[in-house]
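Trainee: Right, I'll just put the structure down here and ask away after.
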Protein chains: 2
Amino acid sequence: MKLLEEKILSCGTVLSGNILKVDSFLNHQLDVELLNELGKEFYRLFESDKITRILTVEASGIAIACFAAQYFHVPVVFAKKGHHKNVGTDCYTAEVFSFTKGTSYTVFVSKKYLNEGDNVLIIDDFLANGQAALGLKKIVEDAGANLKGVGIAIEKGFQDGGKNLRELGVKLKSLAIVDSMTDDSIMFREDD
Amino acid sequence: MKLLEEKILSCGTVLSGNILKVDSFLNHQLDVELLNELGKEFYRLFESDKITRILTVEASGIAIACFAAQYFHVPVVFAKKGHHKNVGTDCYTAEVFSFTKGTSYTVFVSKKYLNEGDNVLIIDDFLANGQAALGLKKIVEDAGANLKGVGIAIEKGFQDGGKNLRELGVKLKSLAIVDSMTDDSIMFREDD
């Protein structure tokens, strides 16, 4: 998606450790006009999949998921991380290893908010090693729901998450795929 | 706001420990049509305040803040909790005590995303003891920005957060104020 690639080129910065910092518009400060366009694009890509619920994970996925949900007219469910008193024990859970933070955490979704037969679209801001997406995929399957697709804003194409999900047969659509990045250049994969 | 009060009455449940569980539409599963209406109402209430940025805190505040921001045409900044590698050290910070979780945590905002002279509207899903709102207020003041108001979806009127903020002269607008709640009834404060 040209709009997102241009935004990454103009506002993103590359830090050591393969970090692409886009916190001026995607995951700390939020450019809501841009995010709305991303949501609209996800609708175009998954419109035919009869989506009944959008699943994301706190915190950075929530905004994009909400803008997308406005077009699909379905609820968003965001998986929570760690342990919260208020959520109760009746949850689907998955363990997720974060390479950024170097630790594992639990994501969980109340069993009330994912139903057997739901057609679920997973949306997230980033896909790198794919651990979060795989955790959400497990949760969808544990619920007996159908994973209809995964929509990602920025995929790090030089890490394995995207490759692994595609090999599993998941309909994965990333709006920008970064194939390589250095201090002074970011290269995107051509649209398929 | 009638629409929100009716939703709380039909979908909220009261748990022991003064917990009002509204995770079917506000902070786990998200009813995006409703949240959009809340955002529109915040715009009506703060339209004249020349808002330049909306500040919230991860995770539950993000969705409402984003829907409001669509009407104000301003960016959202969400304060992060805990310590994240990617944020850097150049942040405004505040300590927040969570009565729900029984622990303190740090909230922080990059200095790049709050400017001197910004007119800031703080938005959050809940106001109870007001610790999160006070932490965000401190961050706004540390940045030399102007706190133009605080917009809350649900205020627990029987706890002190709202009273304290109003006594500090803050323009606080809560879309539903729960004055008392028991297992089988929830009483709202009349609009002022």
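Ordering of the structure tokens sets the chain letters (A, B, ...), residue numbers begin anew at 1 in every chain, and ligands are numbered from 1 in the order given.
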Using only C-alpha atoms, I'd like every residue of chain B that has an atom within 7 Å of chain A; please write them out as a list of chain:residue names.

Mentor: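 Taking only C-alpha atoms into account, B:His28, B:Gln29, B:Leu30, B:Asp31, B:Val32, B:Glu58, B:Ala59, B:Ile62, B:Ala63, B:Cys66, B:Ala69, B:Gln70, B:Pro75, B:Val76, B:Val77, B:Phe78, B:Lys85, B:Lys101, B:Tyr113 sit within 7 Å of chain A.
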
Trainee: Write out as a ChimeraX atom specification the residues lying within 10 Å of B:Ser104, counting only C-alpha atoms and excluding same-chain residues fewer than 3 positions away.

Mentor: /B:82,95-99,101,107,131

Trainee: Name the residues of stretch 51-92 of chain B that fall into strand (DSSP E or B) according to DSSP on the backbone, using the chain letters and numbers of this document, as a tab-separated table (two decimals) with N, CA and C atoms, in the first residue's frame.

Mentor:
```tsv
chain	number	residue	atom	x	y	z
B	53	ARG	N	-4.41	17.71	20.56
B	53	ARG	CA	-3.97	16.33	20.77
B	53	ARG	C	-4.87	15.65	21.79
B	54	ILE	N	-5.13	14.37	21.54
B	54	ILE	CA	-5.86	13.58	22.53
B	54	ILE	C	-4.89	12.62	23.18
B	55	LEU	N	-4.90	12.60	24.50
B	55	LEU	CA	-3.99	11.74	25.26
B	55	LEU	C	-4.80	10.69	25.99
B	56	THR	N	-4.37	9.43	25.89
B	56	THR	CA	-5.01	8.37	26.65
B	56	THR	C	-3.92	7.44	27.17
B	57	VAL	N	-4.33	6.34	27.74
B	57	VAL	CA	-3.35	5.39	28.27
B	57	VAL	C	-3.74	4.00	27.76
B	76	VAL	N	-3.87	11.02	18.19
B	76	VAL	CA	-3.97	10.43	19.53
B	76	VAL	C	-2.56	10.09	19.99
B	77	VAL	N	-2.28	10.31	21.24
B	77	VAL	CA	-1.05	9.77	21.83
B	77	VAL	C	-1.48	8.88	22.98
B	78	PHE	N	-1.02	7.63	22.97
B	78	PHE	CA	-1.35	6.82	24.14
B	78	PHE	C	-0.11	6.59	25.01
B	79	ALA	N	-0.27	6.91	26.29
B	79	ALA	CA	0.81	6.67	27.25
B	79	ALA	C	0.99	5.17	27.38
B	80	LYS	N	2.23	4.76	27.50
B	80	LYS	CA	2.52	3.35	27.67
B	80	LYS	C	2.76	3.06	29.15
B	81	LYS	N	2.61	1.80	29.47
B	81	LYS	CA	2.78	1.37	30.87
B	81	LYS	C	4.03	0.51	30.98
B	91	CYS	N	11.39	10.65	27.87
B	91	CYS	CA	9.94	10.56	28.10
B	91	CYS	C	9.50	11.38	29.30
B	92	TYR	N	8.27	11.83	29.25
B	92	TYR	CA	7.59	12.30	30.45
B	92	TYR	C	7.00	11.08	31.16
```

Trainee: Residues near stretch 174-181 of chain B, anyone? I mean within 9 Å using only C-alpha atoms, not counting same-chain ones fewer than 3 positions away, as a VMD selection string.

Mentor: chain B and resid 1 to 2 4 to 5 8 14 18 20 38 41 to 42 126 to 127 150 to 159 162 184 to 191

Trainee: Create the file for the chosen residues now, containing N, CA, C and O atoms and written as a CSV table (one decimal), in the first residue's frame.

Mentor:
```csv
chain,number,residue,atom,x,y,z
B,1,MET,N,-25.2,10.3,29.3
B,1,MET,CA,-25.5,10.0,27.9
B,1,MET,C,-26.4,8.7,28.0
B,1,MET,O,-25.9,7.6,28.4
B,2,LYS,N,-27.6,8.9,27.5
B,2,LYS,CA,-28.6,7.8,27.6
B,2,LYS,C,-28.2,6.5,27.0
B,2,LYS,O,-28.3,5.4,27.5
B,4,LEU,N,-25.3,5.3,26.5
B,4,LEU,CA,-24.3,4.5,27.3
B,4,LEU,C,-24.9,3.9,28.5
B,4,LEU,O,-24.6,2.8,28.9
B,5,GLU,N,-25.7,4.7,29.2
B,5,GLU,CA,-26.4,4.2,30.4
B,5,GLU,C,-27.2,3.0,30.1
B,5,GLU,O,-27.2,2.0,30.9
B,8,ILE,N,-25.0,0.0,29.6
B,8,ILE,CA,-24.4,-0.4,30.9
B,8,ILE,C,-25.5,-1.3,31.6
B,8,ILE,O,-25.2,-2.4,32.1
B,14,VAL,N,-22.2,-6.3,37.9
B,14,VAL,CA,-21.5,-5.8,39.1
B,14,VAL,C,-20.9,-7.0,39.8
B,14,VAL,O,-21.6,-7.9,40.1
B,18,ASN,N,-16.5,-3.7,44.1
B,18,ASN,CA,-16.9,-2.5,43.3
B,18,ASN,C,-16.4,-2.5,41.9
B,18,ASN,O,-16.1,-1.5,41.3
B,20,LEU,N,-17.3,-2.9,38.1
B,20,LEU,CA,-18.4,-2.9,37.1
B,20,LEU,C,-17.8,-3.5,35.8
B,20,LEU,O,-16.9,-2.9,35.2
B,38,LEU,N,-19.7,7.6,21.4
B,38,LEU,CA,-19.0,8.2,22.5
B,38,LEU,C,-18.0,9.2,22.0
B,38,LEU,O,-17.9,10.4,22.5
B,41,GLU,N,-19.8,12.3,20.9
B,41,GLU,CA,-20.3,13.1,22.1
B,41,GLU,C,-19.1,13.9,22.7
B,41,GLU,O,-19.3,15.0,23.1
B,42,PHE,N,-17.9,13.3,22.8
B,42,PHE,CA,-16.8,14.0,23.4
B,42,PHE,C,-16.5,15.2,22.5
B,42,PHE,O,-16.1,16.3,22.9
B,126,PHE,N,-12.5,4.6,32.0
B,126,PHE,CA,-13.0,4.6,33.4
B,126,PHE,C,-12.4,5.6,34.2
B,126,PHE,O,-11.2,6.0,34.0
B,127,LEU,N,-13.1,6.2,35.2
B,127,LEU,CA,-12.5,7.0,36.2
B,127,LEU,C,-13.1,6.5,37.6
B,127,LEU,O,-14.3,6.5,37.8
B,150,VAL,N,-10.9,16.6,30.5
B,150,VAL,CA,-10.8,15.1,30.7
B,150,VAL,C,-12.2,14.6,30.3
B,150,VAL,O,-13.2,15.0,30.8
B,151,GLY,N,-12.2,13.6,29.3
B,151,GLY,CA,-13.4,13.0,28.9
B,151,GLY,C,-13.4,11.5,29.3
B,151,GLY,O,-12.5,10.8,29.0
B,152,ILE,N,-14.4,11.1,30.1
B,152,ILE,CA,-14.4,9.7,30.6
B,152,ILE,C,-15.7,9.0,30.1
B,152,ILE,O,-16.8,9.6,30.1
B,153,ALA,N,-15.6,7.8,29.8
B,153,ALA,CA,-16.9,7.0,29.5
B,153,ALA,C,-17.7,6.8,30.7
B,153,ALA,O,-18.8,7.3,30.9
B,154,ILE,N,-17.1,6.1,31.7
B,154,ILE,CA,-17.8,5.7,32.9
B,154,ILE,C,-17.1,6.2,34.1
B,154,ILE,O,-16.0,5.7,34.4
B,155,GLU,N,-17.7,7.0,34.9
B,155,GLU,CA,-17.2,7.5,36.2
B,155,GLU,C,-17.9,6.8,37.3
B,155,GLU,O,-19.1,6.7,37.3
B,156,LYS,N,-17.1,6.2,38.2
B,156,LYS,CA,-17.6,5.7,39.4
B,156,LYS,C,-17.8,6.8,40.4
B,156,LYS,O,-16.8,7.2,41.1
B,157,GLY,N,-19.0,7.4,40.5
B,157,GLY,CA,-19.2,8.6,41.2
B,157,GLY,C,-19.1,8.4,42.7
B,157,GLY,O,-19.0,9.4,43.5
B,158,PHE,N,-19.1,7.2,43.2
B,158,PHE,CA,-18.9,6.9,44.6
B,158,PHE,C,-17.5,6.7,45.0
B,158,PHE,O,-17.2,6.5,46.2
B,159,GLN,N,-16.6,6.9,44.1
B,159,GLN,CA,-15.1,7.0,44.4
B,159,GLN,C,-14.6,8.4,44.2
B,159,GLN,O,-15.4,9.2,43.6
B,162,GLY,N,-13.4,11.7,40.4
B,162,GLY,CA,-14.1,12.8,39.8
B,162,GLY,C,-14.2,14.0,40.7
B,162,GLY,O,-13.9,15.1,40.2
B,184,ASP,N,-28.1,-6.1,41.8
B,184,ASP,CA,-29.2,-6.0,40.9
B,184,ASP,C,-29.7,-4.6,40.6
B,184,ASP,O,-30.8,-4.4,40.0
B,185,SER,N,-28.9,-3.6,40.9
B,185,SER,CA,-29.3,-2.3,40.4
B,185,SER,C,-28.0,-1.4,40.2
B,185,SER,O,-27.0,-1.5,40.9
B,186,ILE,N,-28.1,-0.5,39.2
B,186,ILE,CA,-27.1,0.5,39.0
B,186,ILE,C,-27.8,1.8,38.9
B,186,ILE,O,-28.7,2.0,38.1
B,187,MET,N,-27.4,2.8,39.7
B,187,MET,CA,-28.0,4.1,39.7
B,187,MET,C,-27.0,5.1,39.1
B,187,MET,O,-25.9,5.2,39.5
B,188,PHE,N,-27.6,5.9,38.2
B,188,PHE,CA,-26.8,6.9,37.5
B,188,PHE,C,-27.1,8.3,38.1
B,188,PHE,O,-28.2,8.6,38.5
B,189,ARG,N,-26.1,9.2,38.1
B,189,ARG,CA,-26.3,10.6,38.5
B,189,ARG,C,-27.0,11.3,37.3
B,189,ARG,O,-26.7,11.0,36.1
B,190,GLU,N,-27.9,12.2,37.6
B,190,GLU,CA,-28.5,13.0,36.6
B,190,GLU,C,-27.5,13.9,35.9
B,190,GLU,O,-26.6,14.4,36.6
B,191,ASP,N,-27.7,14.2,34.6
B,191,ASP,CA,-26.9,15.1,33.9
B,191,ASP,C,-26.9,16.5,34.6
B,191,ASP,O,-28.0,16.9,35.1
```

Trainee: Using only C-alpha atoms, determine which residues lie at most 8 Å from A:Gly130, disregarding the query and same-chain residues fewer than 3 positions distant; provide the list as an MDAnalysis selection string.

Mentor: chainID A and resid 127 133:134 160:162 164:165

Trainee: Taking N, CA, C and O atoms for each residue, export the selection above as a PDB file, in the first residue's frame.

Mentor:
```pdb
ATOM      1  N   LEU A 127       4.249  -7.604  12.063  1.00  0.00           N
ATOM      2  CA  LEU A 127       4.508  -9.034  12.002  1.00  0.00           C
ATOM      3  C   LEU A 127       6.006  -9.199  11.811  1.00  0.00           C
ATOM      4  O   LEU A 127       6.561  -8.713  10.819  1.00  0.00           O
ATOM      5  N   ALA A 133       0.873 -13.525  16.285  1.00  0.00           N
ATOM      6  CA  ALA A 133      -0.144 -14.011  15.344  1.00  0.00           C
ATOM      7  C   ALA A 133      -0.407 -15.498  15.551  1.00  0.00           C
ATOM      8  O   ALA A 133      -1.558 -15.947  15.503  1.00  0.00           O
ATOM      9  N   LEU A 134       0.646 -16.272  15.799  1.00  0.00           N
ATOM     10  CA  LEU A 134       0.455 -17.708  16.036  1.00  0.00           C
ATOM     11  C   LEU A 134      -0.315 -17.952  17.331  1.00  0.00           C
ATOM     12  O   LEU A 134      -1.145 -18.865  17.411  1.00  0.00           O
ATOM     13  N   ASP A 160      10.849 -14.451   9.950  1.00  0.00           N
ATOM     14  CA  ASP A 160      10.156 -15.655   9.466  1.00  0.00           C
ATOM     15  C   ASP A 160       8.635 -15.700   9.650  1.00  0.00           C
ATOM     16  O   ASP A 160       7.985 -16.617   9.157  1.00  0.00           O
ATOM     17  N   GLY A 161       8.075 -14.737  10.354  1.00  0.00           N
ATOM     18  CA  GLY A 161       6.657 -14.820  10.686  1.00  0.00           C
ATOM     19  C   GLY A 161       5.749 -14.958   9.477  1.00  0.00           C
ATOM     20  O   GLY A 161       4.862 -15.814   9.437  1.00  0.00           O
ATOM     21  N   GLY A 162       5.955 -14.108   8.482  1.00  0.00           N
ATOM     22  CA  GLY A 162       5.107 -14.119   7.295  1.00  0.00           C
ATOM     23  C   GLY A 162       5.227 -15.420   6.522  1.00  0.00           C
ATOM     24  O   GLY A 162       4.227 -16.028   6.123  1.00  0.00           O
ATOM     25  N   ASN A 164       6.196 -18.325   7.616  1.00  0.00           N
ATOM     26  CA  ASN A 164       5.585 -19.436   8.355  1.00  0.00           C
ATOM     27  C   ASN A 164       4.067 -19.441   8.237  1.00  0.00           C
ATOM     28  O   ASN A 164       3.452 -20.492   8.021  1.00  0.00           O
ATOM     29  N   LEU A 165       3.458 -18.273   8.382  1.00  0.00           N
ATOM     30  CA  LEU A 165       1.993 -18.207   8.293  1.00  0.00           C
ATOM     31  C   LEU A 165       1.514 -18.593   6.900  1.00  0.00           C
ATOM     32  O   LEU A 165       0.530 -19.319   6.755  1.00  0.00           O
TER      33      LEU A 165
END
```

Trainee: Could you state the separation of atom CA of A:Arg44 and atom CA of A:Phe72 in Å, given to one decimal place?

Mentor: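 About the pair atom CA of A:Arg44 and atom CA of A:Phe72: they are 9.8 Å apart.
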
Trainee: So, counting only C-alpha atoms, which residue among A:Thr13, A:Thr93, A:Thr182, A:Thr52 is closest to A:Ile122?

Mentor: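 Among the listed residues, A:Thr52 lies closest to A:Ile122.
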
Trainee: Atom CA of B:Asp49 to atom CA of B:Asp124: how many Å, to one decimal?

Mentor: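 Atom CA of B:Asp49 sits 17.8 Å away from atom CA of B:Asp124.
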
Trainee: Among stretch 11-91 of chain A, which ones does DSSP assign to alpha helix (DSSP H) (computed from the backbone)? Answer as a list in words.

Mentor: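 So the alpha helix (DSSP H) residues in stretch 11-91 of chain A would be Cys11, Val32, Glu33, Leu34, Leu35, Asn36, Glu37, Leu38, Gly39, Lys40, Glu41, Phe42, Tyr43, Arg44, Leu45, Phe46, Gly61, Ile62, Ala63, Ile64, Ala65, Cys66, Phe67, Ala68, Ala69, Gln70, Tyr71 and Phe72 of chain A.
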
Trainee: How many Å lie between atom CA of A:Phe108 and atom CA of A:Leu34, rounded to one decimal?

Mentor: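 Between atom CA of A:Phe108 and atom CA of A:Leu34 the gap is 28.6 Å.
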